[in-house]
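Reading through the structure tokens given below for one structure.
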Amino acid sequence: MEIFEYAFMQRAFIVGILLAIVIPCIGIVVVLKRLSMIGDALSHASLAGVAGGLLIGMNPVAGAAIACILASLGIEAIRRKIPRYSELSISIMMSTGVGLAGVLSGFVGNAANFNSFLFGSIVAISDLELYLVTGVSLAVLLTFLLLYKELFYIALDERSARLAGIPVSAVNFIFTILTAITVAVAARTVGALIVSSMMVIPTACAMQLGKNYWQTLLYAIGFDVLFMIIGLFCAYYLGLKPGGTIVLVGVILLILILTAKKIMKVE
Amino acid sequence: MEMINISDISFSYGNSQILDHASLHVSEGHFSALIGSNGAGKSTLMKLMLGEMRLGKDNGSIQLMGQDIRQFKDWKKISYVPQNGMVSYRDFPASVEEIVMANLYSQIGRFRFPGKKEKEQVHQALCQVGMEDYQNRLIGRLSGGQQQRVLLARSLVNHPQLLLLDEPTSGIDEQNTNEFYQLLQRLNQKRDMTILMVTHDLQSLHDLADDVWLLEDGKTRLLPHEEIPGNSSETDISSNMNTTCSVSDGRFNESEKETSAHGNL
């Protein structure tokens with residue numbers, strides 16, 4: 001196929017599929033902990049990190065990772081202070097991220113470089129970024145599988161999880177770091193404004209079909225990979241921006257699933 | 001032995017005094033209930049017992065199984081059934097088996113997935129509450145009463161010595177509530193399991209609990225037997241129970257099942 005003759009498209013598919021496997025692993029826990037907007041908050045914080053990194057001459061992905069880690073620790077700290085209104089912690093951090101990104105980006109000389117983080121540049125990935133995404137994806141996936149039981153129980157019921165012997169604070173801290181790193185790396189490739197959609201939409205689709213947690217996770221990964229492949233094909237052949245196309249494919253499929261479910265229920 | 005020994009504790013949120021020199025004692029094998037109106041401080045007392053909130057140094061003491069709560073480590077001997085499982089789990093994409101299995105965490109250990117032995121334990125726990133036919137169902141597809149029974153199975157799966165329940169029947173209809181209480185009674189009588197149930201449902205307490213503690217104005221009082229509220233409940237849950245399960249740990253034998261005529265407990 002013509003699309004695979006180009007090295008940049010091959011890289012785009014490898015990176016895209018890797019991220020499509022990893023992001024739902026984070027996404028399912030985030031959604032079930034009812035913190036769906038956390039991806040948005042972190043991606044906005046990552047933009048602040050990108051701008052800060054570009055300003056002080058640091059690698060922008062490293063800047064994004066640092067900003068995401070700080071923001072996610074901030075979210076967790078505020079969430080513990082006001083557990084009944086945990087979504088408030090996300091809004092506070094998102095506002096901080098947007099504010100900082102807005103101010104700092106005004107001082108960045110190379111606006112194009114900064115803008116590439118908004119909607120990503122999956123078709124302009126360097127070899128270094130390919131290795132970075134591969135390494136981070138494998139590390140996140142391995143950690144997620146090692147903490148599978150713990151994350152499931154914490155998402156289900158944090159209090160009972162602690163009584164069952166799970167070190168809840170430690171697991172939450174590790175998960176926070178995983179989320180931050182995933183968002184930072186994904187912001188460079190699929191775009192800061194798109195990564196949270198890749199967390200939430202496949203999980204939302206999977207929850208319509210899954211008969212248990214494990215199955216729901218596998219469905220979410222399957223959906224995200226499907227969105228990525230269809231999105232990249234559409235973007236290439238129709239000349240669309242890949243990041244946005246991938247998300248729109250997901251939204252359309254979610255609407256189709258919800259509609260089909262409703263029709264089947266009526267029948 | 002006293003499974004729970006709360007002596008003279010005081011606790012306040014800011015300027016609002018919630019507990020004022022309150023005490024509560026639950027002996028081994030007893031079924032105790034803690035009652036009180038909304039906002040009386042029942043949930044605060046439960047959080048203190050579960051170690052979620054800490055008492056100040058000079059504000060009394062809490063002992064679980066003879067150990068001070070600050071040093072208490074044997075949490076796997078205690079199980080907890082939360083309030084409002086129905087609301088929390090409505091859309092959660094987990095099967096009944098996965099939910100019960102979650103409590104076997106300390107047995108399975110880290111970095112391991114459950115095996116045949118754990119699956120059998122889950123099946124037996126579900127048998128005990130008559131929910132074995134729902135093992136592969138999504139938790140959100142069950143009724144409120146069924147969900148509470150699954151949560152009870154989750155708390156039973158690792159054979160706790162002390163069962164704490166926080167208003168387990170709130171939002172559940174009368175019939176399911178009575179069935180749930182009978183399950184608890186059977187656990188208490190046949191397994192000698194110590195139970196403390198926080199509730200504001202006063203029905204059936206007379207037949208159910210050995211001791212009833214009233215929490216009022218921050219103080220606790222053990223009610224004399226004649227003051228215990230509630231009426232006798234005659235609902236039989238045998239029709240909802242499956243008697244085909246074998247209980248492999250030897251705690252219940254066939255004759256027990258036949259003579260009890262109440263299914264699995």
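By convention here, the chains of the structure tokens are called A, B, ... in the order presented, each chain's residues are numbered starting at 1, and ligands are numbered starting at 1 in the order presented.
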
Exercise for the section: Compile the contact shell of Leu196 of chain B as a ChimeraX atom specification: residues with an atom at most 7 Å away, counting only C-alpha atoms, same-chain residues fewer than 3 positions apart removed. Expected result: /B:31-33,163-165

I need the residues from that last selection saved to file as a PDB file, in the first residue's frame (with all heavy atoms), if you can.
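The result, stored in part.pdb:
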ATOM      1  N   PHE B  31     -23.441 -10.016  68.057  1.00  0.00           N
ATOM      2  CA  PHE B  31     -23.993  -9.206  66.966  1.00  0.00           C
ATOM      3  C   PHE B  31     -24.454  -7.906  67.607  1.00  0.00           C
ATOM      4  O   PHE B  31     -25.419  -7.880  68.367  1.00  0.00           O
ATOM      5  CB  PHE B  31     -25.174  -9.940  66.329  1.00  0.00           C
ATOM      6  CG  PHE B  31     -25.673  -9.318  65.043  1.00  0.00           C
ATOM      7  CD1 PHE B  31     -26.104 -10.118  63.999  1.00  0.00           C
ATOM      8  CD2 PHE B  31     -25.705  -7.930  64.857  1.00  0.00           C
ATOM      9  CE1 PHE B  31     -26.556  -9.564  62.803  1.00  0.00           C
ATOM     10  CE2 PHE B  31     -26.155  -7.366  63.676  1.00  0.00           C
ATOM     11  CZ  PHE B  31     -26.584  -8.183  62.655  1.00  0.00           C
ATOM     12  N   SER B  32     -23.752  -6.833  67.318  1.00  0.00           N
ATOM     13  CA  SER B  32     -24.094  -5.542  67.910  1.00  0.00           C
ATOM     14  C   SER B  32     -24.543  -4.587  66.839  1.00  0.00           C
ATOM     15  O   SER B  32     -24.103  -4.665  65.686  1.00  0.00           O
ATOM     16  CB  SER B  32     -22.884  -4.953  68.633  1.00  0.00           C
ATOM     17  OG  SER B  32     -22.458  -5.834  69.639  1.00  0.00           O
ATOM     18  N   ALA B  33     -25.414  -3.686  67.233  1.00  0.00           N
ATOM     19  CA  ALA B  33     -25.867  -2.649  66.298  1.00  0.00           C
ATOM     20  C   ALA B  33     -25.614  -1.292  66.928  1.00  0.00           C
ATOM     21  O   ALA B  33     -25.695  -1.143  68.153  1.00  0.00           O
ATOM     22  CB  ALA B  33     -27.349  -2.833  65.999  1.00  0.00           C
ATOM     23  N   LEU B 163     -16.925  -8.402  61.300  1.00  0.00           N
ATOM     24  CA  LEU B 163     -17.584  -7.814  60.139  1.00  0.00           C
ATOM     25  C   LEU B 163     -18.206  -6.468  60.534  1.00  0.00           C
ATOM     26  O   LEU B 163     -18.987  -6.402  61.476  1.00  0.00           O
ATOM     27  CB  LEU B 163     -18.669  -8.782  59.653  1.00  0.00           C
ATOM     28  CG  LEU B 163     -19.423  -8.441  58.373  1.00  0.00           C
ATOM     29  CD1 LEU B 163     -18.487  -8.320  57.188  1.00  0.00           C
ATOM     30  CD2 LEU B 163     -20.472  -9.515  58.087  1.00  0.00           C
ATOM     31  N   LEU B 164     -17.811  -5.423  59.819  1.00  0.00           N
ATOM     32  CA  LEU B 164     -18.358  -4.092  60.076  1.00  0.00           C
ATOM     33  C   LEU B 164     -19.251  -3.704  58.911  1.00  0.00           C
ATOM     34  O   LEU B 164     -18.846  -3.830  57.757  1.00  0.00           O
ATOM     35  CB  LEU B 164     -17.222  -3.063  60.213  1.00  0.00           C
ATOM     36  CG  LEU B 164     -16.202  -3.317  61.319  1.00  0.00           C
ATOM     37  CD1 LEU B 164     -15.044  -2.329  61.205  1.00  0.00           C
ATOM     38  CD2 LEU B 164     -16.851  -3.198  62.680  1.00  0.00           C
ATOM     39  N   LEU B 165     -20.440  -3.251  59.217  1.00  0.00           N
ATOM     40  CA  LEU B 165     -21.372  -2.865  58.145  1.00  0.00           C
ATOM     41  C   LEU B 165     -21.856  -1.439  58.397  1.00  0.00           C
ATOM     42  O   LEU B 165     -22.289  -1.123  59.509  1.00  0.00           O
ATOM     43  CB  LEU B 165     -22.569  -3.801  58.097  1.00  0.00           C
ATOM     44  CG  LEU B 165     -22.262  -5.282  57.908  1.00  0.00           C
ATOM     45  CD1 LEU B 165     -22.454  -6.042  59.202  1.00  0.00           C
ATOM     46  CD2 LEU B 165     -23.130  -5.891  56.831  1.00  0.00           C
TER      47      LEU B 165
END

Write out as a tab-separated table the residues of chain B that have any atom within 7 Å of an atom of chain A, one row each with the nearest atom pair and its distance in Å to one decimal, counting only C-alpha atoms, sorted by chain and then rising number.
residue	atom	partner	partner_atom	distance
B:Trp75	CA	A:Leu163	CA	5.6
B:Lys76	CA	A:Ala164	CA	5.9
B:Tyr80	CA	A:Ser160	CA	6.8
B:Phe92	CA	A:Leu32	CA	7.0
B:Pro93	CA	A:Tyr213	CA	5.3
B:Ala94	CA	A:Asn212	CA	4.3
B:Ser95	CA	A:Asn212	CA	4.7
B:Ala102	CA	A:Tyr153	CA	6.1
B:Asn103	CA	A:Ala164	CA	5.7
B:Tyr105	CA	A:Ala164	CA	6.3
B:Ser106	CA	A:Gly165	CA	6.0
B:Phe111	CA	A:Leu146	CA	5.0
B:Leu138	CA	A:Lys211	CA	6.0

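Straight-line separation from atom CA of Gly171 of chain B to atom CA of Gly144 of chain B: 7.5 Å.
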
Handout entry: Contacts of segment 44-59 of chain A within 9 Å, only C-alpha atoms, excl. fewer than 3 positions in-chain, as JSON, numbers by chain
Key = {"A": [39, 40, 41, 62, 63, 64, 65, 66, 67, 68, 70, 71, 93, 94, 95, 96, 97, 98, 99, 100, 101, 102, 103, 104, 105, 106, 107, 108, 109, 110, 113, 114, 117, 118, 180, 183, 184, 187, 192, 193]}

Exercise for the section: Enumerate, as a PyMOL selection string, the complete set of residues in segment 110-202 of chain B that a backbone-based DSSP assignment places in helix (DSSP H, G or I). Expected result: chain B and resi 116-128+132-134+139-141+144-156+174-191

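Considering the residues A:Val140, A:Leu151, A:Met1, A:Leu18 and counting only C-alpha atoms, Ile221 of chain A has its shortest atom-to-atom contact with A:Leu18.
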
Handout entry: Distance query segment 146-152 of chain B at most 8 Å, only C-alpha atoms, self and fewer than 2 positions along chain excluded, as a PyMOL selection string
Key = chain B and resi 81-82+85-86+96+99-100+126+129+131+139+142-144+154-156+168-169+180

Problem - Neighbour list for Thr199 of chain B as a PyMOL selection string, cut-off 10 Å, only C-alpha atoms, skip fewer than 4 positions in-chain - result: chain B and resi 33-38+42-43+83+165-170+205

Exercise for the section: May I have the residues within 10 Å of Phe173 of chain A as a ChimeraX atom specification, using only C-alpha atoms and disregarding those fewer than 6 positions away in the same chain? Expected result: /A:72-73,76,179

With C-alpha atoms kept, could you save the residues just selected as a PDB file, in the first residue's frame?
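Output file out-v6.pdb is given in full below:
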ATOM      1  CA  SER A  72      -0.914  15.495  38.816  1.00  0.00           C
ATOM      2  CA  LEU A  73       0.652  15.602  42.281  1.00  0.00           C
ATOM      3  CA  GLU A  76      -3.939  14.303  44.088  1.00  0.00           C
ATOM      4  CA  THR A 179      -0.625   9.302  33.842  1.00  0.00           C
TER       5      THR A 179
END

Completion exercise
Among B:Gly66, B:Gly51, B:Gly145, B:Pro160, Ser27 of chain B is approached most closely, using only C-alpha atoms, by B:Gly66

Counting only C-alpha atoms, which residues of segment 106-141 of chain A fall within 12 Å of segment 245-251 of chain A, and what is the closest atom pair for each with its distance in Å at one decimal, ordered by chain and rising number, as a Markdown table?
| residue | atom | partner | partner_atom | distance |
| --- | --- | --- | --- | --- |
| A:Phe119 | CA | A:Thr245 | CA | 10.5 |
| A:Gly120 | CA | A:Ile246 | CA | 11.5 |
| A:Ile122 | CA | A:Ile246 | CA | 11.0 |

Problem - DSSP-assigned strand (DSSP E) among segment 176-237 of chain B, expressed as a ChimeraX atom specification - result: /B:194-199,211-216,219-222

Go ahead and save the residues from that selection, with C-alpha atoms, as a compact mmCIF listing (two decimals), in the first residue's frame.
# COMPACT_ATOMS: atom_id res chain seq x y z
CA THR B 194 -18.58 -10.91 65.40
CA ILE B 195 -20.69 -8.25 63.75
CA LEU B 196 -21.11 -4.54 64.29
CA MET B 197 -23.73 -2.95 62.08
CA VAL B 198 -24.26 0.79 61.91
CA THR B 199 -27.87 1.45 61.01
CA ASP B 211 -26.53 -5.51 71.93
CA VAL B 212 -27.84 -2.23 70.61
CA TRP B 213 -25.88 0.96 71.21
CA LEU B 214 -27.53 4.31 70.80
CA LEU B 215 -25.42 7.29 69.72
CA GLU B 216 -27.05 10.53 70.73
CA LYS B 219 -22.57 10.06 73.70
CA THR B 220 -23.21 6.32 73.46
CA ARG B 221 -25.56 4.27 75.59
CA LEU B 222 -26.11 0.51 75.65

Exercise for the section: Using atom CA of Val26 of chain B and atom CA of Asn176 of chain B as the two end points, give the distance in Å to one decimal. Expected result: 26.2 Å

So which residues touch Ser10 of chain B within 6 Å, counting only C-alpha atoms, skipping near sequence neighbours fewer than 6 positions away, as a PDB file with all heavy atoms, in the first residue's frame?
ATOM      1  N   LEU B  19     -18.318  13.529  68.751  1.00  0.00           N
ATOM      2  CA  LEU B  19     -18.316  12.482  69.775  1.00  0.00           C
ATOM      3  C   LEU B  19     -17.821  13.083  71.083  1.00  0.00           C
ATOM      4  O   LEU B  19     -16.813  13.804  71.102  1.00  0.00           O
ATOM      5  CB  LEU B  19     -17.406  11.320  69.346  1.00  0.00           C
ATOM      6  CG  LEU B  19     -17.801  10.622  68.046  1.00  0.00           C
ATOM      7  CD1 LEU B  19     -16.706   9.648  67.603  1.00  0.00           C
ATOM      8  CD2 LEU B  19     -19.127   9.889  68.202  1.00  0.00           C
ATOM      9  N   ASP B  20     -18.551  12.772  72.164  1.00  0.00           N
ATOM     10  CA  ASP B  20     -18.251  13.400  73.446  1.00  0.00           C
ATOM     11  C   ASP B  20     -18.125  12.309  74.515  1.00  0.00           C
ATOM     12  O   ASP B  20     -19.119  11.849  75.059  1.00  0.00           O
ATOM     13  CB  ASP B  20     -19.396  14.384  73.765  1.00  0.00           C
ATOM     14  CG  ASP B  20     -19.171  15.116  75.068  1.00  0.00           C
ATOM     15  OD1 ASP B  20     -18.034  15.075  75.586  1.00  0.00           O
ATOM     16  OD2 ASP B  20     -20.138  15.707  75.570  1.00  0.00           O
ATOM     17  N   HIS B  21     -16.907  11.848  74.725  1.00  0.00           N
ATOM     18  CA  HIS B  21     -16.635  10.784  75.702  1.00  0.00           C
ATOM     19  C   HIS B  21     -17.498   9.538  75.410  1.00  0.00           C
ATOM     20  O   HIS B  21     -18.158   9.002  76.301  1.00  0.00           O
ATOM     21  CB  HIS B  21     -16.873  11.285  77.126  1.00  0.00           C
ATOM     22  CG  HIS B  21     -15.948  12.414  77.480  1.00  0.00           C
ATOM     23  ND1 HIS B  21     -14.636  12.228  77.842  1.00  0.00           N
ATOM     24  CD2 HIS B  21     -16.148  13.753  77.471  1.00  0.00           C
ATOM     25  CE1 HIS B  21     -14.074  13.390  78.068  1.00  0.00           C
ATOM     26  NE2 HIS B  21     -14.951  14.343  77.842  1.00  0.00           N
ATOM     27  N   ASN B  59      -7.718  11.908  73.607  1.00  0.00           N
ATOM     28  CA  ASN B  59      -9.150  11.870  73.311  1.00  0.00           C
ATOM     29  C   ASN B  59      -9.736  10.467  73.369  1.00  0.00           C
ATOM     30  O   ASN B  59     -10.617  10.117  72.602  1.00  0.00           O
ATOM     31  CB  ASN B  59      -9.418  12.480  71.932  1.00  0.00           C
ATOM     32  CG  ASN B  59      -9.174  13.969  71.940  1.00  0.00           C
ATOM     33  OD1 ASN B  59      -9.411  14.637  72.936  1.00  0.00           O
ATOM     34  ND2 ASN B  59      -8.666  14.486  70.842  1.00  0.00           N
TER      35      ASN B  59
END

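With distances restricted to only C-alpha atoms, B:Ala209 is the closest residue to Pro224 of chain B from B:Ile108, B:Ile9, B:Ala209, B:Ile4.
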
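A straight line drawn from atom CA of Asn5 of chain B to atom CA of Met49 of chain B is 9.8 Å long.
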